[in-house]
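Undergrad: Submitted below is the structure of interest, expressed as structure tokens.
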Amino acid sequence: MPPTPTTDLRPAGLDPDLLLRVEDLRVQVGTDDGVIRPVDGVSFEMAAGKTLCIVGESGSGKSMTGRALMNLLPERMHIAGGSIAYRTGAGPVVDIAALPPRGPAIRAIRGAEIALVSQEPMAALSPVHTIGQQLDAVIRQHMGLGRKARRERALECLADVGIPKPAERLDSYPFEFSGGMRQRVCIALALSCGPRLIIADEPTTALDVTTQANILDLFKKLQAEHGLSILFITHDLGVVADVADQVAVMYLGRVVERGSVDQLFYEPQHPYTRALLQSVPTLSRQRVHRLAAIRGMVPSAFDRPPGCPFHPRCDQAVAGLCDRQDPPETALGPGRGARCVLLEDAAGPQLQPRSVQHA
Ligand code: SF4
């Protein structure tokens with residue numbers, strides 16, 4: 001079994017109620033056309049035992065941010081700067097960003113401390129091994145139990161995620177399960193070594209609405225029973241409203257607004273957050289208004305606009321300012337902040353943009 005990391009990098013830098021703090025995280029990839037940064041200065045905190053949702057359109061960098069927390073990035077990508085202070089189960093705080101991505105310390109964290117549930121269960125599961133074999137391999141790697149104890153642990157995990165008659169299903173292959181049941185198996189695999197943090201990357205996107213609701217309820221049940229912290233990556237604000245305690249809104253590799261779920265839904269401060277909310281159908285809105293789509297698309301990381309990266313799509317952009325100045329985060333309270341020039345002189349929680357000249 002890989003050794004448990006013992007490096008206590010910044011014991012005083014992580015409040016006791018925090019599991020994780022990400023600061024100025026940058027992920028870089030070299031391409032034939034130059035270097036791009038799909039994650040470009042991301043900062044946020046996660047409280048222990050709570051759910052943080054990272055939300056944004058495709059191309060916002062939310063999945064890469066999730067993978068960076070496990071230092072598990074696609075080939076040619078690497079963490080180019082920033083820190084990920086994580087409090088391990090044994091107590092010490094480690095900087096995951098500083099650990100070698102193939103070293104024993106990060107391998108001790110992956111799976112055993114931080115586990116990933118991805119969008120597509122069929123891609124995550126081996127089609128040629130039974131569910132029992134796949135659970136056994138993960139448990140053997142991280143827990144070092146004997147054969148009988150590993151089988152008992154596998155059965156316990158399958159029962160935990162609501163697989164009926166788990167002893168009979170251990171010998172089944174993934175194709176013998178429905179989509180929802182396959183996702184439950186993936187969650188059982190993630191749970192099998194008793195992680196403290198689960199990164200769930202669009203885990204319900206491929207499922208029908210009813211199955212999606214069941215899986216979201218399962219995450220809530222498991223969180224209550226095991227005290228899990230969950231980082232939920234989604235583009236779906238309905239999912240955010242259902243599961244989040246805290247929310248970080250990402251755009252083009254940055255967190256542009258963060259706060260509690262109530263603050264994000266009832267007091268959104270960033271024009272991008274407001275635009276996302278206005279693009280969500282509600283029963284009342286459908287009857288009266290057309291949905292407001294956000295014009296344009298998230299630009300490629302190769303074509304990052306100068307100034308505020310949202311300015312080409314922002315209805316409140318100020319000519320001569322937003323296309324030149326990349327706003328830093330304005331602190332709006334504990335765990336609350338947003339990056340917009342309109343918030344520079346924020347004086348209260350209900351700040352509204354001043355009258356502006358459109359770019
Ligand atoms: Fe819009 Fe300017 Fe604020 Fe960016 S800084 S979100 S362009 S108003």
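Labels used: A, B, ... for chains in the order of the structure tokens, numbers from 1 for residues in each chain, and numbers from 1 for ligands as shown.
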What do you get as a PyMOL selection string if you pick all residues at most 6 Å from ligand 1, counting only C-alpha atoms and all ligand atoms?
TA: chain A and resi 270-271+308+310-311+314+316-318+322+340-342
Undergrad: Can you build me a table of segment 106-134 of chain A residues sitting at most 10 Å from segment 141-159 of chain A, with the closest atom pair per residue and its distance in Å to one decimal, using only C-alpha atoms, sorted by chain and residue number, as JSON lines?
TA:
{"residue": "A:Arg107", "atom": "CA", "partner": "A:His142", "partner_atom": "CA", "distance": 9.1}
{"residue": "A:Ala108", "atom": "CA", "partner": "A:His142", "partner_atom": "CA", "distance": 7.5}
{"residue": "A:Ile109", "atom": "CA", "partner": "A:His142", "partner_atom": "CA", "distance": 9.4}
{"residue": "A:Arg110", "atom": "CA", "partner": "A:His142", "partner_atom": "CA", "distance": 9.1}
{"residue": "A:Gly111", "atom": "CA", "partner": "A:His142", "partner_atom": "CA", "distance": 7.3}
{"residue": "A:Ala112", "atom": "CA", "partner": "A:His142", "partner_atom": "CA", "distance": 6.1}
{"residue": "A:Glu113", "atom": "CA", "partner": "A:His142", "partner_atom": "CA", "distance": 9.8}
{"residue": "A:Ile131", "atom": "CA", "partner": "A:Ala154", "partner_atom": "CA", "distance": 9.2}
{"residue": "A:Gly132", "atom": "CA", "partner": "A:Ala154", "partner_atom": "CA", "distance": 7.0}
{"residue": "A:Gln133", "atom": "CA", "partner": "A:Ala154", "partner_atom": "CA", "distance": 9.5}
{"residue": "A:Gln134", "atom": "CA", "partner": "A:Ala154", "partner_atom": "CA", "distance": 9.5}
Undergrad: Just to be explicit: take each residue in the selection above, keep C-alpha atoms, and write the result as a PDB file, in the first residue's frame.
TA:
ATOM      1  CA  ARG A 107      -1.359   7.656  -5.048  1.00  0.00           C
ATOM      2  CA  ALA A 108      -2.149   7.288  -1.344  1.00  0.00           C
ATOM      3  CA  ILE A 109      -4.651  10.138  -1.656  1.00  0.00           C
ATOM      4  CA  ARG A 110      -6.346   9.094  -4.927  1.00  0.00           C
ATOM      5  CA  GLY A 111      -9.094   6.591  -4.305  1.00  0.00           C
ATOM      6  CA  ALA A 112      -8.474   6.278  -0.580  1.00  0.00           C
ATOM      7  CA  GLU A 113      -8.982   9.971   0.324  1.00  0.00           C
ATOM      8  CA  ILE A 131     -18.394  -5.796 -10.777  1.00  0.00           C
ATOM      9  CA  GLY A 132     -16.970  -7.954  -7.986  1.00  0.00           C
ATOM     10  CA  GLN A 133     -13.538  -8.127  -9.643  1.00  0.00           C
ATOM     11  CA  GLN A 134     -13.461  -4.364 -10.145  1.00  0.00           C
TER      12      GLN A 134
END
Undergrad: Just want the 9 Å neighbourhood of Phe265 of chain A, counted on only C-alpha atoms, with same-chain residues fewer than 4 positions away dropped. Output as a PyMOL selection string.
TA: chain A and resi 241+260-261+273-274+277
Undergrad: Within 10 Å of Gly179 of chain A, counting only C-alpha atoms, which residues show up once you throw out same-chain ones fewer than 3 positions away? Write them as a ChimeraX atom specification, please.
TA: /A:120-122,174-176,182-185,204,206-208,211
Undergrad: Would you return as JSON, numbers by chain the members of segment 48-284 of chain A that DSSP assigns to strand (DSSP E or B) on this structure's backbone?
TA: {"A": [51, 52, 53, 54, 55, 77, 78, 79, 80, 81, 82, 83, 84, 85, 86, 87, 93, 94, 95, 110, 114, 115, 116, 117, 197, 198, 199, 200, 201, 229, 230, 231, 232, 233, 234, 246, 247, 248, 249, 250, 251, 254, 255, 256, 257, 258, 259, 260]}
Undergrad: Could you give me, as an mmCIF file with N, CA and C atoms, in the first residue's frame, the residues within 7 Å of Ala48 of chain A, counting only C-alpha atoms and dropping anything in the same chain fewer than 2 positions from it?
TA:
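Result file is around-v7.cif:
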data_model
loop_
_atom_site.group_PDB
_atom_site.id
_atom_site.type_symbol
_atom_site.label_atom_id
_atom_site.label_comp_id
_atom_site.auth_asym_id
_atom_site.auth_seq_id
_atom_site.Cartn_x
_atom_site.Cartn_y
_atom_site.Cartn_z
ATOM 1 N N ASP A 17 -12.447 24.018 10.060
ATOM 2 C CA ASP A 17 -13.673 23.526 9.421
ATOM 3 C C ASP A 17 -13.509 23.340 7.907
ATOM 4 N N LEU A 18 -12.321 23.649 7.392
ATOM 5 C CA LEU A 18 -12.100 23.503 5.943
ATOM 6 C C LEU A 18 -11.422 22.178 5.641
ATOM 7 N N LEU A 19 -11.848 21.542 4.559
ATOM 8 C CA LEU A 19 -11.180 20.338 4.070
ATOM 9 C C LEU A 19 -10.119 20.707 3.042
ATOM 10 N N MET A 46 -13.421 24.670 0.398
ATOM 11 C CA MET A 46 -14.466 23.666 0.630
ATOM 12 C C MET A 46 -14.543 23.355 2.108
ATOM 13 N N LYS A 50 -19.591 19.173 3.406
ATOM 14 C CA LYS A 50 -20.557 19.965 2.626
ATOM 15 C C LYS A 50 -20.394 19.683 1.131
ATOM 16 N N SER A 229 -17.515 14.979 1.998
ATOM 17 C CA SER A 229 -17.515 16.256 1.287
ATOM 18 C C SER A 229 -17.668 15.911 -0.192
#
